[in-house]
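Printed here is final_8.cif (mmCIF, C-alpha atoms and all ligand atoms):
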```cif
data_start
loop_
_atom_site.label_atom_id
_atom_site.label_comp_id
_atom_site.auth_asym_id
_atom_site.auth_seq_id
_atom_site.Cartn_x
_atom_site.Cartn_y
_atom_site.Cartn_z
CA MET A 1 0.00 0.00 0.00
CA THR A 2 1.28 3.47 -0.85
CA GLN A 3 1.05 5.91 2.04
CA ILE A 4 0.33 9.33 0.66
CA SER A 5 -1.21 11.40 3.44
CA TRP A 6 0.47 14.76 4.01
CA PHE A 7 0.45 13.91 7.71
CA GLN A 8 2.55 10.79 7.27
CA ASN A 9 5.51 11.06 9.71
CA LYS A 10 4.82 14.75 10.29
CA HIS A 11 5.43 16.13 13.78
CA ILE A 12 2.31 17.82 15.03
CA VAL A 13 1.99 19.77 18.27
CA LEU A 14 -1.73 19.63 19.06
CA GLY A 15 -2.48 22.47 21.47
CA VAL A 16 -5.61 21.89 23.52
CA THR A 17 -7.09 24.81 25.46
CA GLY A 18 -9.84 25.09 28.03
CA GLY A 19 -13.23 24.86 26.37
CA ILE A 20 -16.11 22.46 26.06
CA ALA A 21 -14.84 21.41 22.62
CA CYS A 22 -11.86 19.63 24.25
CA TYR A 23 -13.68 16.36 23.68
CA LYS A 24 -13.47 16.94 19.93
CA ALA A 25 -9.68 17.26 20.27
CA CYS A 26 -9.59 13.58 21.32
CA GLU A 27 -11.09 12.59 17.99
CA LEU A 28 -8.70 15.00 16.26
CA ALA A 29 -5.64 13.47 17.95
CA ARG A 30 -6.81 10.05 16.82
CA GLU A 31 -7.48 11.21 13.27
CA LEU A 32 -4.05 12.82 12.92
CA GLY A 33 -2.45 9.64 14.23
CA ARG A 34 -4.53 7.55 11.83
CA ARG A 35 -3.09 9.60 8.98
CA GLY A 36 0.42 8.80 10.12
CA ALA A 37 1.32 11.91 12.14
CA VAL A 38 3.38 11.86 15.33
CA VAL A 39 1.16 13.87 17.68
CA GLN A 40 2.50 15.66 20.75
CA VAL A 41 -0.34 17.09 22.80
CA VAL A 42 0.30 20.28 24.76
CA MET A 43 -2.55 21.26 27.07
CA THR A 44 -3.22 24.46 28.93
CA LYS A 45 -3.83 23.99 32.63
CA THR A 46 -7.52 24.88 32.12
CA ALA A 47 -7.88 22.24 29.40
CA THR A 48 -6.94 19.53 31.89
CA ALA A 49 -10.14 20.32 33.80
CA PHE A 50 -12.16 19.33 30.72
CA VAL A 51 -10.33 16.20 29.50
CA SER A 52 -7.58 14.39 31.34
CA ALA A 53 -4.02 14.33 30.03
CA LEU A 54 -4.22 10.56 30.41
CA THR A 55 -6.85 10.40 27.67
CA PHE A 56 -4.58 12.16 25.20
CA GLN A 57 -1.59 10.13 26.32
CA SER A 58 -3.53 6.94 25.58
CA LEU A 59 -4.63 8.23 22.19
CA THR A 60 -1.20 9.42 21.06
CA GLY A 61 1.18 7.15 22.95
CA ARG A 62 3.14 10.20 24.09
CA GLU A 63 3.31 11.91 27.45
CA VAL A 64 1.23 15.09 27.39
CA LYS A 65 3.00 18.35 28.16
CA VAL A 66 1.26 20.93 30.31
CA SER A 67 3.79 22.95 32.23
CA MET A 68 6.70 25.01 31.02
CA LEU A 69 8.30 25.04 34.43
CA ASP A 70 8.79 21.30 34.57
CA PRO A 71 12.50 20.49 35.08
CA LYS A 72 11.95 16.86 34.02
CA ALA A 73 10.30 17.87 30.73
CA GLU A 74 12.94 20.50 30.06
CA ALA A 75 15.65 17.89 30.61
CA GLY A 76 14.00 15.83 27.86
CA MET A 77 12.67 17.76 24.91
CA GLY A 78 12.69 21.33 26.17
CA HIS A 79 10.26 23.95 24.95
CA ILE A 80 12.59 25.38 22.31
CA GLU A 81 13.47 21.93 21.03
CA LEU A 82 9.77 21.13 20.82
CA ALA A 83 9.17 24.32 18.85
CA ARG A 84 11.91 23.24 16.41
CA TRP A 85 10.60 19.65 16.30
CA ALA A 86 7.12 20.65 15.13
CA ASP A 87 6.11 20.71 11.45
CA LEU A 88 2.76 22.11 12.48
CA ILE A 89 1.31 23.64 15.65
CA LEU A 90 -2.45 23.20 15.61
CA VAL A 91 -4.44 24.71 18.46
CA ALA A 92 -7.84 23.02 18.62
CA PRO A 93 -9.93 24.02 20.39
CA CYS A 94 -8.54 27.51 20.68
CA THR A 95 -10.21 29.59 23.39
CA ALA A 96 -10.69 33.36 23.15
CA ASN A 97 -8.04 33.69 25.85
CA THR A 98 -5.39 31.65 24.03
CA MET A 99 -6.25 33.34 20.73
CA ALA A 100 -5.49 36.67 22.39
CA LEU A 101 -2.13 35.39 23.62
CA LEU A 102 -1.13 33.94 20.26
CA ALA A 103 -2.25 37.03 18.35
CA ARG A 104 -0.29 39.35 20.61
CA GLY A 105 2.86 37.28 21.04
CA GLN A 106 2.31 36.86 24.76
CA ALA A 107 3.80 33.73 26.24
CA PRO A 108 2.70 33.00 29.81
CA ASP A 109 2.37 29.22 29.35
CA LEU A 110 3.98 26.37 27.41
CA LEU A 111 1.60 26.42 24.44
CA SER A 112 1.81 30.16 23.81
CA THR A 113 5.60 30.04 24.31
CA LEU A 114 5.94 27.28 21.73
CA TRP A 115 3.78 29.29 19.34
CA ALA A 116 5.95 32.35 19.76
CA ALA A 117 9.17 30.36 19.38
CA ALA A 118 8.16 28.23 16.38
CA THR A 119 8.57 29.07 12.72
CA CYS A 120 6.64 26.06 11.41
CA GLU A 121 3.13 25.95 9.91
CA LYS A 122 0.48 27.12 12.35
CA ALA A 123 -3.28 26.70 12.56
CA VAL A 124 -6.06 27.39 15.02
CA ALA A 125 -9.60 26.08 15.28
CA PRO A 126 -11.41 28.63 17.46
CA ALA A 127 -14.18 27.42 19.76
CA MET A 128 -16.18 29.68 21.98
CA ASN A 129 -19.58 31.10 22.83
CA GLN A 130 -20.97 33.18 19.97
CA GLN A 131 -20.86 36.43 22.02
CA MET A 132 -17.18 35.83 22.77
CA TRP A 133 -16.53 35.17 19.10
CA GLU A 134 -18.32 38.38 18.03
CA HIS A 135 -16.50 40.45 20.65
CA PRO A 136 -14.50 43.21 18.89
CA GLU A 137 -11.29 42.21 20.70
CA THR A 138 -11.65 38.58 19.57
CA GLN A 139 -12.25 39.77 16.03
CA ALA A 140 -9.21 42.06 16.27
CA ASN A 141 -7.12 39.10 17.43
CA LEU A 142 -8.43 37.07 14.53
CA GLU A 143 -7.29 39.84 12.15
CA ARG A 144 -3.85 39.73 13.75
CA LEU A 145 -3.60 35.99 13.16
CA PHE A 146 -4.57 36.16 9.48
CA GLY A 147 -1.53 35.50 7.32
CA LYS A 148 0.39 34.05 10.26
CA ALA A 149 -1.79 31.04 10.89
CA GLN A 150 -4.52 29.16 9.14
CA ILE A 151 -7.90 29.72 10.77
CA ILE A 152 -10.24 26.74 10.50
CA GLY A 153 -13.86 27.46 11.38
CA PRO A 154 -15.58 28.16 13.60
CA ASP A 155 -18.86 26.61 12.46
CA SER A 156 -22.32 27.98 13.20
CA GLY A 157 -25.19 26.28 14.94
CA ILE A 158 -26.47 25.39 18.38
CA GLN A 159 -23.75 25.72 21.00
CA ALA A 160 -23.12 23.75 24.17
CA CYS A 161 -24.37 26.77 26.18
CA GLY A 162 -27.66 26.77 24.23
CA ASP A 163 -26.85 29.88 22.16
CA VAL A 164 -27.15 29.76 18.40
CA GLY A 165 -24.45 31.37 16.28
CA SER A 166 -20.82 31.19 15.21
CA GLY A 167 -18.25 29.69 17.54
CA ARG A 168 -18.54 25.92 17.38
CA MET A 169 -15.25 24.18 16.74
CA SER A 170 -15.11 22.51 13.33
CA GLU A 171 -15.35 18.74 13.35
CA ALA A 172 -12.11 16.76 13.65
CA LEU A 173 -12.39 15.31 10.18
CA GLU A 174 -13.01 18.70 8.63
CA ILE A 175 -9.96 20.15 10.40
CA ALA A 176 -7.72 17.29 9.28
CA ASN A 177 -9.05 17.44 5.71
CA THR A 178 -8.65 21.21 5.51
CA LEU A 179 -5.06 21.04 6.71
CA GLU A 180 -4.32 18.14 4.41
CA ALA A 181 -5.64 20.05 1.42
CA THR A 182 -3.87 23.31 2.20
CA LEU A 183 -0.56 22.14 3.62
CA ASN A 184 -0.21 19.26 1.30
CA ARG A 185 2.64 19.36 -1.18
CA GLY A 186 1.23 16.14 -2.57
CA PRO A 187 0.94 15.04 -6.15
CA LEU A 188 -2.55 16.46 -6.63
CA ALA A 189 -1.94 19.85 -5.03
CA ALA A 190 -3.77 22.55 -7.01
CA ARG A 191 -5.30 19.96 -9.37
CA ARG A 192 -9.00 20.01 -10.16
CA VAL A 193 -10.64 16.60 -10.05
CA VAL A 194 -14.22 15.60 -10.88
CA ILE A 195 -15.44 12.21 -9.66
CA THR A 196 -18.79 10.55 -10.21
CA ALA A 197 -20.05 7.90 -7.81
CA GLY A 198 -22.95 5.59 -7.10
CA PRO A 199 -25.75 4.35 -9.32
CA THR A 200 -28.41 6.35 -11.10
CA HIS A 201 -32.14 5.83 -10.71
CA GLU A 202 -34.23 5.83 -13.86
CA PRO A 203 -37.91 6.30 -12.96
CA VAL A 204 -40.45 3.87 -14.32
CA ASP A 205 -43.47 5.29 -12.53
CA PRO A 206 -43.99 7.20 -9.25
CA VAL A 207 -42.90 4.20 -7.15
CA ARG A 208 -40.44 2.22 -9.28
CA TYR A 209 -37.10 2.83 -10.87
CA LEU A 210 -34.39 0.95 -12.75
CA SER A 211 -30.99 0.93 -11.08
CA ASN A 212 -28.00 -1.27 -10.25
CA ARG A 213 -26.10 -2.48 -7.20
CA SER A 214 -23.46 0.25 -7.00
CA SER A 215 -23.06 1.61 -3.44
CA GLY A 216 -20.92 4.63 -4.33
CA LYS A 217 -18.23 3.60 -1.81
CA MET A 218 -15.42 3.45 -4.38
CA GLY A 219 -16.22 6.89 -5.80
CA PHE A 220 -16.45 8.35 -2.31
CA ALA A 221 -13.11 6.79 -1.34
CA LEU A 222 -11.54 8.27 -4.47
CA ALA A 223 -12.95 11.70 -3.66
CA GLU A 224 -11.70 11.59 -0.08
CA VAL A 225 -8.21 10.49 -1.09
CA ALA A 226 -7.98 13.06 -3.93
CA ASN A 227 -9.02 15.72 -1.45
CA ARG A 228 -6.36 14.60 1.02
CA LEU A 229 -3.78 14.77 -1.76
CA GLY A 230 -4.56 18.42 -2.23
CA ALA A 231 -6.93 18.30 -5.18
CA ALA A 232 -10.01 20.48 -5.44
CA VAL A 233 -12.58 17.72 -5.77
CA THR A 234 -16.09 17.88 -7.19
CA LEU A 235 -17.99 14.73 -6.29
CA ILE A 236 -21.15 14.07 -8.28
CA ALA A 237 -23.04 11.25 -6.65
CA GLY A 238 -26.15 9.40 -7.65
CA PRO A 239 -28.59 8.19 -4.97
CA VAL A 240 -26.43 6.50 -2.30
CA HIS A 241 -26.82 5.53 1.32
CA LEU A 242 -23.67 7.38 2.34
CA GLU A 243 -23.31 10.68 4.15
CA ALA A 244 -23.19 13.07 1.24
CA PRO A 245 -24.37 16.44 0.03
CA ALA A 246 -27.44 16.35 -2.21
CA GLY A 247 -26.73 14.25 -5.26
CA VAL A 248 -28.35 13.68 -8.62
CA GLU A 249 -30.88 11.02 -9.55
CA THR A 250 -30.88 10.11 -13.22
CA ALA A 251 -28.18 9.64 -15.86
CA SER A 252 -29.45 12.76 -17.53
CA ASP A 253 -29.08 14.79 -14.29
CA MET A 254 -25.57 13.39 -13.83
CA HIS A 255 -24.62 14.26 -17.39
CA ALA A 256 -25.73 17.87 -16.85
CA ALA A 257 -23.93 18.12 -13.50
CA VAL A 258 -20.71 16.67 -14.92
CA HIS A 259 -20.61 19.06 -17.86
CA SER A 260 -21.31 22.06 -15.69
CA ALA A 261 -18.27 21.07 -13.56
CA LEU A 262 -15.84 20.44 -16.44
CA ASP A 263 -14.17 23.82 -16.64
CA GLU A 264 -10.36 23.49 -16.44
CA VAL A 265 -10.49 20.04 -14.87
CA ASP A 266 -7.26 18.03 -14.76
CA LEU A 267 -8.69 14.64 -13.99
CA PHE A 268 -12.11 13.06 -14.44
CA VAL A 269 -12.85 9.73 -12.81
CA GLY A 270 -16.14 8.14 -13.81
CA ALA A 271 -16.69 5.73 -10.94
CA ALA A 272 -20.49 5.96 -11.16
CA ALA A 273 -22.41 2.99 -12.47
CA VAL A 274 -24.65 5.00 -14.75
CA CYS A 275 -27.70 3.11 -16.00
CA ASP A 276 -27.29 2.35 -19.69
CA MET A 277 -31.04 2.48 -20.30
CA ARG A 278 -34.07 4.36 -19.04
CA PRO A 279 -37.78 3.80 -19.55
CA THR A 280 -38.80 5.73 -22.66
CA PHE A 281 -42.04 6.82 -21.03
CA VAL A 282 -42.31 7.51 -17.31
CA SER A 283 -45.83 6.68 -16.24
CA ARG A 284 -47.56 9.34 -14.14
CA GLN A 285 -49.62 6.58 -12.50
CA LYS A 286 -48.34 3.45 -10.83
CA LEU A 287 -48.16 0.68 -13.44
CA LYS A 288 -50.44 -2.26 -12.69
CA LYS A 289 -49.38 -5.87 -12.62
CA SER A 290 -52.96 -6.86 -13.30
CA LYS A 291 -52.95 -4.92 -16.58
CA ASN A 292 -49.61 -6.44 -17.57
CA ASP A 293 -48.24 -2.87 -17.78
CA LEU A 294 -44.71 -3.78 -16.70
CA SER A 295 -44.15 -6.19 -19.54
CA GLN A 296 -44.76 -3.29 -21.90
CA LEU A 297 -41.74 -1.37 -20.64
CA ILE A 298 -39.84 0.22 -23.54
CA LEU A 299 -36.27 1.34 -22.92
CA THR A 300 -34.17 4.11 -24.47
CA GLU A 301 -30.38 4.24 -24.29
CA ASN A 302 -28.98 6.86 -21.95
CA ILE A 303 -26.28 9.27 -23.00
CA ASP A 304 -22.78 7.88 -22.44
CA ILE A 305 -21.43 10.33 -19.88
CA ILE A 306 -17.80 9.29 -19.86
CA HIS A 307 -17.59 9.24 -23.66
CA SER A 308 -19.13 12.70 -23.74
CA VAL A 309 -16.45 13.90 -21.28
CA ALA A 310 -13.61 12.29 -23.21
CA THR A 311 -14.71 13.91 -26.47
CA SER A 312 -15.73 17.26 -25.01
CA PRO A 313 -13.95 20.49 -26.01
CA ASN A 314 -13.39 20.84 -22.23
CA ARG A 315 -11.74 17.42 -22.03
CA PRO A 316 -9.79 17.03 -18.78
CA SER A 317 -6.12 16.03 -19.18
CA LEU A 318 -6.94 12.54 -17.96
CA VAL A 319 -10.28 10.76 -18.29
CA ILE A 320 -10.51 7.53 -16.33
CA GLY A 321 -13.36 5.04 -16.47
CA PHE A 322 -14.42 2.03 -14.45
CA ALA A 323 -15.45 -1.32 -15.89
CA ALA A 324 -17.34 -3.79 -13.71
CA GLU A 325 -17.28 -6.99 -15.74
CA THR A 326 -18.34 -10.56 -15.10
CA GLU A 327 -16.11 -12.25 -17.72
CA ARG A 328 -13.06 -11.50 -19.92
CA VAL A 329 -12.56 -8.53 -17.62
CA LEU A 330 -9.35 -7.06 -19.05
CA GLU A 331 -10.43 -7.57 -22.63
CA HIS A 332 -13.73 -5.75 -22.05
CA ALA A 333 -11.98 -3.02 -20.10
CA ARG A 334 -9.51 -2.42 -22.94
CA GLN A 335 -12.39 -2.32 -25.42
CA LYS A 336 -14.04 0.34 -23.29
CA LEU A 337 -10.78 2.30 -23.15
CA THR A 338 -10.56 2.41 -26.93
CA THR A 339 -14.18 2.98 -27.88
CA LYS A 340 -14.65 5.72 -25.32
CA SER A 341 -11.30 7.50 -25.83
CA LEU A 342 -10.25 7.01 -22.20
CA ASP A 343 -6.75 7.21 -20.76
CA ALA A 344 -7.20 4.28 -18.40
CA VAL A 345 -9.92 1.98 -17.13
CA ILE A 346 -10.09 0.56 -13.63
CA ALA A 347 -11.34 -2.98 -14.14
CA ASN A 348 -13.20 -4.95 -11.47
CA CYS A 349 -14.44 -8.50 -11.74
CA VAL A 350 -17.96 -8.57 -10.33
CA ALA A 351 -18.84 -12.12 -11.30
CA SER A 352 -19.47 -13.08 -7.68
CA GLY A 353 -21.27 -9.80 -6.93
CA GLU A 354 -19.08 -9.53 -3.84
CA ILE A 355 -17.51 -6.15 -4.55
CA PHE A 356 -20.75 -4.18 -4.54
CA GLY A 357 -21.31 -2.41 -1.24
CA GLN A 358 -18.19 -3.93 0.35
CA ASP A 359 -15.40 -1.95 1.97
CA GLU A 360 -12.72 -4.02 0.23
CA THR A 361 -12.01 -4.35 -3.45
CA GLU A 362 -9.49 -5.53 -6.00
CA ALA A 363 -8.85 -3.97 -9.36
CA THR A 364 -6.50 -3.66 -12.30
CA ILE A 365 -5.67 -0.40 -14.05
CA VAL A 366 -5.81 -1.03 -17.77
CA PHE A 367 -3.87 1.29 -20.09
CA SER A 368 -3.75 1.07 -23.87
CA ASP A 369 -0.44 -0.78 -23.78
CA SER A 370 -0.16 -2.28 -20.27
CA ASP A 371 -2.06 -3.44 -17.18
CA GLN A 372 -1.27 -2.78 -13.56
CA LYS A 373 -2.78 -5.10 -10.98
CA LEU A 374 -3.41 -3.22 -7.74
CA VAL A 375 -2.84 -4.70 -4.30
CA PRO A 376 -6.27 -5.73 -2.96
CA GLY A 377 -7.36 -3.69 0.06
CA THR A 378 -9.98 -1.33 1.37
CA LYS A 379 -11.53 0.95 -1.22
CA SER A 380 -9.59 3.80 0.36
CA GLU A 381 -6.28 1.92 0.00
CA VAL A 382 -7.05 1.02 -3.59
CA ALA A 383 -7.99 4.67 -4.25
CA GLN A 384 -4.56 5.67 -2.93
CA GLU A 385 -2.89 3.21 -5.28
CA ILE A 386 -4.93 4.54 -8.19
CA PHE A 387 -3.83 8.12 -7.53
CA ALA A 388 -0.24 7.05 -6.90
CA THR A 389 -0.31 5.64 -10.45
CA LEU A 390 -2.25 8.45 -12.10
CA SER A 391 -0.54 11.48 -10.54
CA PRO A 392 2.77 11.06 -12.39
CA LEU A 393 0.83 10.73 -15.68
CA LEU A 394 -0.94 13.98 -14.92
CA ALA A 395 2.40 15.68 -14.37
CA LYS A 396 3.66 14.35 -17.72
CA GLY A 397 0.41 15.26 -19.48
CA ILE A 398 0.07 11.78 -21.01
CA ARG A 399 -3.36 11.13 -22.48
CA ASN A 400 -5.21 9.52 -25.33
CA GLU A 401 -6.34 11.93 -28.00
CA PRO A 402 -10.11 12.23 -28.38
CA GLY A 403 -11.28 10.98 -31.69
CA ILE A 404 -13.99 8.41 -31.50
C1 LIG B 1 -17.61 25.07 31.43
C2 LIG B 1 -16.73 26.08 30.75
C3 LIG B 1 -16.68 26.09 29.38
C4 LIG B 1 -15.89 27.02 28.71
N1 LIG B 1 -15.86 26.99 27.35
C5 LIG B 1 -15.11 27.90 26.71
C6 LIG B 1 -15.03 27.89 25.28
O1 LIG B 1 -15.63 27.05 24.61
N2 LIG B 1 -14.27 28.83 24.68
C7 LIG B 1 -13.59 29.77 25.37
O2 LIG B 1 -12.94 30.63 24.74
N3 LIG B 1 -13.61 29.77 26.71
C8 LIG B 1 -14.35 28.88 27.40
N4 LIG B 1 -14.38 28.89 28.76
C9 LIG B 1 -13.56 29.86 29.45
C10 LIG B 1 -12.12 29.45 29.47
O3 LIG B 1 -11.97 28.20 30.11
C11 LIG B 1 -11.27 30.53 30.14
O4 LIG B 1 -11.29 31.70 29.38
C12 LIG B 1 -9.85 30.06 30.40
O5 LIG B 1 -9.14 31.12 30.97
C13 LIG B 1 -9.16 29.63 29.13
O6 LIG B 1 -7.85 29.21 29.43
P1 LIG B 1 -6.83 28.67 28.35
O7 LIG B 1 -6.98 29.52 27.13
O8 LIG B 1 -5.51 28.81 28.98
O9 LIG B 1 -7.17 27.25 28.13
C14 LIG B 1 -15.15 27.97 29.45
C15 LIG B 1 -15.21 27.94 30.85
C16 LIG B 1 -15.98 27.01 31.48
C17 LIG B 1 -16.01 26.99 32.98
#
```
Written as structure tokens, that's how I'd like the structure from this file.
Amino acid sequence: MTQISWFQNKHIVLGVTGGIACYKACELARELGRRGAVVQVVMTKTATAFVSALTFQSLTGREVKVSMLDPKAEAGMGHIELARWADLILVAPCTANTMALLARGQAPDLLSTLWAAATCEKAVAPAMNQQMWEHPETQANLERLFGKAQIIGPDSGIQACGDVGSGRMSEALEIANTLEATLNRGPLAARRVVITAGPTHEPVDPVRYLSNRSSGKMGFALAEVANRLGAAVTLIAGPVHLEAPAGVETASDMHAAVHSALDEVDLFVGAAAVCDMRPTFVSRQKLKKSKNDLSQLILTENIDIIHSVATSPNRPSLVIGFAAETERVLEHARQKLTTKSLDAVIANCVASGEIFGQDETEATIVFSDSDQKLVPGTKSEVAQEIFATLSPLLAKGIRNEPGI
């Protein structure tokens, strides 16, 4: 498996300050570790009243640092060494109080001292009551931090105190993803990627539709990985049972959404299982078995979305398709590559039906002149392998010419 997270082996000082959102920092510490970072938690004294240092120590495997005036800690990695060690200091949650210290270069505790002494990347995720957030001094401190640190959030909504407004700390995943996308010097940094995912639904009547067994998990995994690699990702999903922004329903909707997103795109990955056919007439009334209505179903071929992308004047540099086949998998995939003017096809064998909806998959990338079998793994791992293969091609600008 190719490890490609920006966080891999990075040294992160996670500063945790005294607010209700401390519990979210536990999830954040775990998430950063999951992405391969070495996480050193530094807590303010107030933060230890909200979550114990032991919790963070268990999550990160490293002793938590709280005090600057700790001779034992200074004899180990002292505060200046720690400031030099860090690739990133992330303060999450960041209270109004700590924000004021950081913005003004004041250094009364270990965290603010590290901040003042470090020249690495810096980020804060503010978390506070909405009145505190709106306070002119907090806003002035925010202004002071702009350009010196990345500010992530805060989000709006109902707060722990019952108020409604801005001040909620962003979710752990959002913080990690935002940092990954902005700090990432990865192979897809500044690339624009459009990915389709899931099935489409082709209405038959008000209660029925034609569809297929695609879950959308592969397309979602691709989108998440591309995002982590720094790409600006547009995900266009059909109806799926995954947590997702509103998607599209039919092949025709997906076609329209894809073409409206195609401006200056570097890479298009058609992972959606778009229905080939749709009912020619959609009945306004429910069709009746008793009248033998369903046997009268007439089908019309849907537009071929990926072919339309590959032959569009806005053609992305690379257009990649998927082929789920039950037999002669590589042969059919290569046929698809040629007839649709694609640069590569990710071929899956679905003869057993076992790949649909599963978290694991196996696939082969088929090019016009070679195949590359990927190491079987989770859909996320396979997505990483796919981008590890495609990114260098993007850099070289290799692609099939549209023609067919
Ligand atoms: C229950 C409770 C919740 C608090 N939540 C927040 C918060 O979310 N954001 C904030 O800025 N301050 C909050 N405070 C106030 C801070 O704890 C206080 O300003 C403290 O001095 C911050 O210290 P620190 O920045 O060194 O961690 C809260 C206080 C209490 C008692």
Could you make a table, as JSON lines, of the residues of chain A that have an atom within 6 Å of an atom of ligand LIG 1 (chain B), each with its nearest atom pair and distance in Å to one decimal, counting all atoms listed in the file, in chain and number order?
```
{"residue": "A:Thr17", "atom": "CA", "partner": "B:LIG1", "partner_atom": "O9", "distance": 3.6}
{"residue": "A:Gly18", "atom": "CA", "partner": "B:LIG1", "partner_atom": "O9", "distance": 3.4}
{"residue": "A:Gly19", "atom": "CA", "partner": "B:LIG1", "partner_atom": "N1", "distance": 3.5}
{"residue": "A:Ile20", "atom": "CA", "partner": "B:LIG1", "partner_atom": "N1", "distance": 4.7}
{"residue": "A:Thr44", "atom": "CA", "partner": "B:LIG1", "partner_atom": "O9", "distance": 4.9}
{"residue": "A:Thr46", "atom": "CA", "partner": "B:LIG1", "partner_atom": "O9", "distance": 4.7}
{"residue": "A:Ala47", "atom": "CA", "partner": "B:LIG1", "partner_atom": "O9", "distance": 5.2}
{"residue": "A:Thr95", "atom": "CA", "partner": "B:LIG1", "partner_atom": "O2", "distance": 3.2}
{"residue": "A:Ala96", "atom": "CA", "partner": "B:LIG1", "partner_atom": "O2", "distance": 3.9}
{"residue": "A:Asn97", "atom": "CA", "partner": "B:LIG1", "partner_atom": "O7", "distance": 4.5}
{"residue": "A:Thr98", "atom": "CA", "partner": "B:LIG1", "partner_atom": "O7", "distance": 4.1}
{"residue": "A:Ala127", "atom": "CA", "partner": "B:LIG1", "partner_atom": "O1", "distance": 5.1}
{"residue": "A:Met128", "atom": "CA", "partner": "B:LIG1", "partner_atom": "N2", "distance": 3.4}
{"residue": "A:Asn129", "atom": "CA", "partner": "B:LIG1", "partner_atom": "O1", "distance": 5.9}
```
Expected file: the selected residues, C-alpha atoms, as a short mmCIF file (atom, residue, chain, number, x, y, z; two decimals), in the frame of the given file:
```
data_model
loop_
_atom_site.label_atom_id
_atom_site.label_comp_id
_atom_site.auth_asym_id
_atom_site.auth_seq_id
_atom_site.Cartn_x
_atom_site.Cartn_y
_atom_site.Cartn_z
CA THR A 17 -7.09 24.81 25.46
CA GLY A 18 -9.84 25.09 28.03
CA GLY A 19 -13.23 24.86 26.37
CA ILE A 20 -16.11 22.46 26.06
CA THR A 44 -3.22 24.46 28.93
CA THR A 46 -7.52 24.88 32.12
CA ALA A 47 -7.88 22.24 29.40
CA THR A 95 -10.21 29.59 23.39
CA ALA A 96 -10.69 33.36 23.15
CA ASN A 97 -8.04 33.69 25.85
CA THR A 98 -5.39 31.65 24.03
CA ALA A 127 -14.18 27.42 19.76
CA MET A 128 -16.18 29.68 21.98
CA ASN A 129 -19.58 31.10 22.83
#
```
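If all atoms listed in the file are the atoms counted, then among A:His135, A:Val282, A:Lys340, A:Thr311 the closest residue to A:Ile298 is A:Val282.
What separates atom CA of A:Ile12 from atom CA of A:Leu88 is a distance of 5.0 Å.
Interatomic distance, atom CA of A:Ala116 to atom CA of A:Thr55: 26.6 Å.
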**OP:** Go through A:Leu173, A:Ala226, A:Val329, A:Val258 one by one, measure the shortest atom-to-atom distance of each to A:Pro187 using all atoms listed in the file, and give the residue with the smallest value.
**Re:** A:Ala226
Subject >> Nearest to A:Trp6, chosen from A:Ser170, A:Thr326, A:Asn184, A:Ser52, with only C-alpha atoms counted in the distances >> reply: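 Residue with the minimum atom-to-atom distance to A:Trp6: A:Asn184.
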**OP:** Write out as a PyMOL selection string the residues lying within 12 Å of A:Glu224, counting only C-alpha atoms and excluding same-chain residues fewer than 4 positions away.
**Re:** chain A and resi 5+173-174+176-178+180-181+193-195+197+217-220+228-235+244+379-381+383-384+387
Subject >> A:Gln131, A:Ile151, A:Arg328, A:Gln139 ranked by distance to A:Val164, top pick (using only C-alpha atoms) >> reply: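 Checking each of A:Gln131, A:Ile151, A:Arg328, A:Gln139 against A:Val164, counting only C-alpha atoms, the winner is A:Gln131.
Proximity of A:Arg168, A:Lys10, A:His241, A:His332 to A:Gly198, computed with all atoms listed in the file, is greatest for A:His241.
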Subject >> A:Glu385 surroundings by all atoms listed in the file, 8 Å radius, close-in-sequence under 2 positions cut, as a ChimeraX atom specification >> reply: /A:1-2,374-375,381-383,387-389
Original post:
From the list A:Ala103, A:Val42, A:Met277, A:Ala344, which residue is nearest A:Tyr209 when using only C-alpha atoms?
Top reply: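 Distance minimum relative to A:Tyr209 lands on A:Met277.
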